[in-house]
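Contents: one structure, followed by commentary.
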Amino acid sequence: MDEIIIPLLAVGLAEMGDKTQLSILLLSSRTREYFRLLLGVMLAFLLADGFAILVGSWVTNVIPVHLVKLASGLVFILFGILILKGGQDEEAESNLSAKRAFVSGFSMIFLSEWGDKTQIASALFATEYNPQMVFIGVMIALLLLSIMAIFLGKYLSSRIDRRVITRVGGVVFLLIGLSFLISAVTSSAFAEML
């Protein structure tokens, strides 16, 4: 049972308030397709963290972490720009369609999860414990946190003006993207010094 509980608690605590949960919260405030958003998010977690558990840290040996962070940063910036641009015509495009909710949830989480602390933790737990049990614990933690983020986004969107949420969301996505780009540049520069 420890093989499920320890990864569940560790990943759950590490992921709480993380950029991925913030992304889910912001996306859920722009759609009413909560289930499809959750499906996209969980598929991304399944692939990214499942892959980490199966392969361990192989990805970071094949693809440099700074390149993954660079791609993630650019995607976050693109989403931030699209959110802010979409905010100009709030009534026409205030909601993500069912397809866009799934694709947005999947792409944001899939790209941002590579090289993330929870993915690395998942890989490390898989070296210590039964990989199937680690997978179960990690996925339960991510499912519970994603559901909480979606409900919080739904709650906030019913209490706060959508234009405010849209502007805040766009700016947050831009800031997350910039932090990824800065991290990619600094990790690349550090790697070159070695």
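Each chain in the structure tokens gets a letter, A, B, ..., in the order shown, and its residues are numbered from 1; ligands are numbered from 1 in order too.
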
Within 9 Å of Gly170 of chain A using only C-alpha atoms, minus same-chain residues under 5 positions, as a ChimeraX atom specification: /A:26,77,79-85,87,165,175

Kindly export the residues of the current selection with N, CA and C atoms, as a compact mmCIF listing (two decimals), in the first residue's frame.
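File part-v6.txt, as written:
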# COMPACT_ATOMS: atom_id res chain seq x y z
N LEU A 26 -7.41 28.09 -14.93
CA LEU A 26 -7.70 29.16 -15.89
C LEU A 26 -8.48 28.65 -17.10
N ILE A 77 3.32 31.20 -23.87
CA ILE A 77 3.24 32.58 -24.38
C ILE A 77 2.19 32.67 -25.48
N PHE A 79 -0.45 30.74 -25.87
CA PHE A 79 -1.77 30.66 -25.23
C PHE A 79 -2.11 31.98 -24.54
N GLY A 80 -1.14 32.60 -23.88
CA GLY A 80 -1.37 33.89 -23.22
C GLY A 80 -1.80 34.95 -24.20
N ILE A 81 -1.12 35.01 -25.34
CA ILE A 81 -1.46 35.99 -26.38
C ILE A 81 -2.85 35.71 -26.93
N LEU A 82 -3.13 34.44 -27.21
CA LEU A 82 -4.45 34.09 -27.74
C LEU A 82 -5.56 34.40 -26.74
N ILE A 83 -5.29 34.15 -25.45
CA ILE A 83 -6.30 34.46 -24.42
C ILE A 83 -6.53 35.96 -24.35
N LEU A 84 -5.45 36.74 -24.34
CA LEU A 84 -5.60 38.21 -24.27
C LEU A 84 -6.25 38.75 -25.53
N LYS A 85 -5.87 38.23 -26.68
CA LYS A 85 -6.47 38.66 -27.95
C LYS A 85 -7.95 38.28 -27.99
N GLY A 87 -9.87 38.05 -25.53
CA GLY A 87 -10.57 38.88 -24.56
C GLY A 87 -11.18 40.13 -25.17
N ILE A 165 -11.05 37.62 -15.40
CA ILE A 165 -10.42 36.29 -15.41
C ILE A 165 -9.61 36.10 -16.69
N LEU A 175 3.47 35.11 -18.16
CA LEU A 175 4.51 35.06 -17.12
C LEU A 175 5.09 33.65 -16.98

Enumerate, as JSON, numbers by chain, the complete set of residues in segment 13-184 of chain A that a backbone-based DSSP assignment places in helix (DSSP H, G or I). {"A": [13, 14, 15, 19, 20, 21, 22, 23, 24, 25, 26, 27, 28, 34, 35, 36, 37, 38, 39, 40, 41, 42, 43, 44, 45, 46, 47, 48, 49, 50, 51, 52, 53, 54, 55, 58, 59, 60, 61, 62, 65, 66, 67, 68, 69, 70, 71, 72, 73, 74, 75, 76, 77, 78, 79, 80, 81, 82, 83, 84, 85, 86, 87, 88, 89, 98, 99, 100, 101, 102, 103, 104, 105, 106, 107, 108, 109, 110, 111, 112, 113, 117, 118, 119, 120, 121, 122, 123, 124, 125, 126, 127, 128, 131, 132, 133, 134, 135, 136, 137, 138, 139, 140, 141, 142, 143, 144, 145, 146, 147, 148, 149, 150, 151, 152, 153, 154, 155, 156, 157, 158, 159, 162, 163, 164, 165, 166, 167, 168, 169, 170, 171, 172, 173, 174, 175, 176, 177, 178, 179, 180, 181, 182, 183, 184]}

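For the set A:Ala14, A:Ala44, A:Ala71, A:Leu9, the residue with the smallest atom-to-atom gap to Thr118 of chain A is A:Ala14, counting only C-alpha atoms.
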
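With only C-alpha atoms as the atoms that count, the residue of A:Ile4, A:Leu70, A:Leu145, A:Leu13 with the shortest distance to Lys117 of chain A is A:Leu13.
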
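With distances restricted to only C-alpha atoms, A:Phe173 is the closest residue to Met108 of chain A from A:Phe135, A:Phe151, A:Phe173, A:Tyr34.
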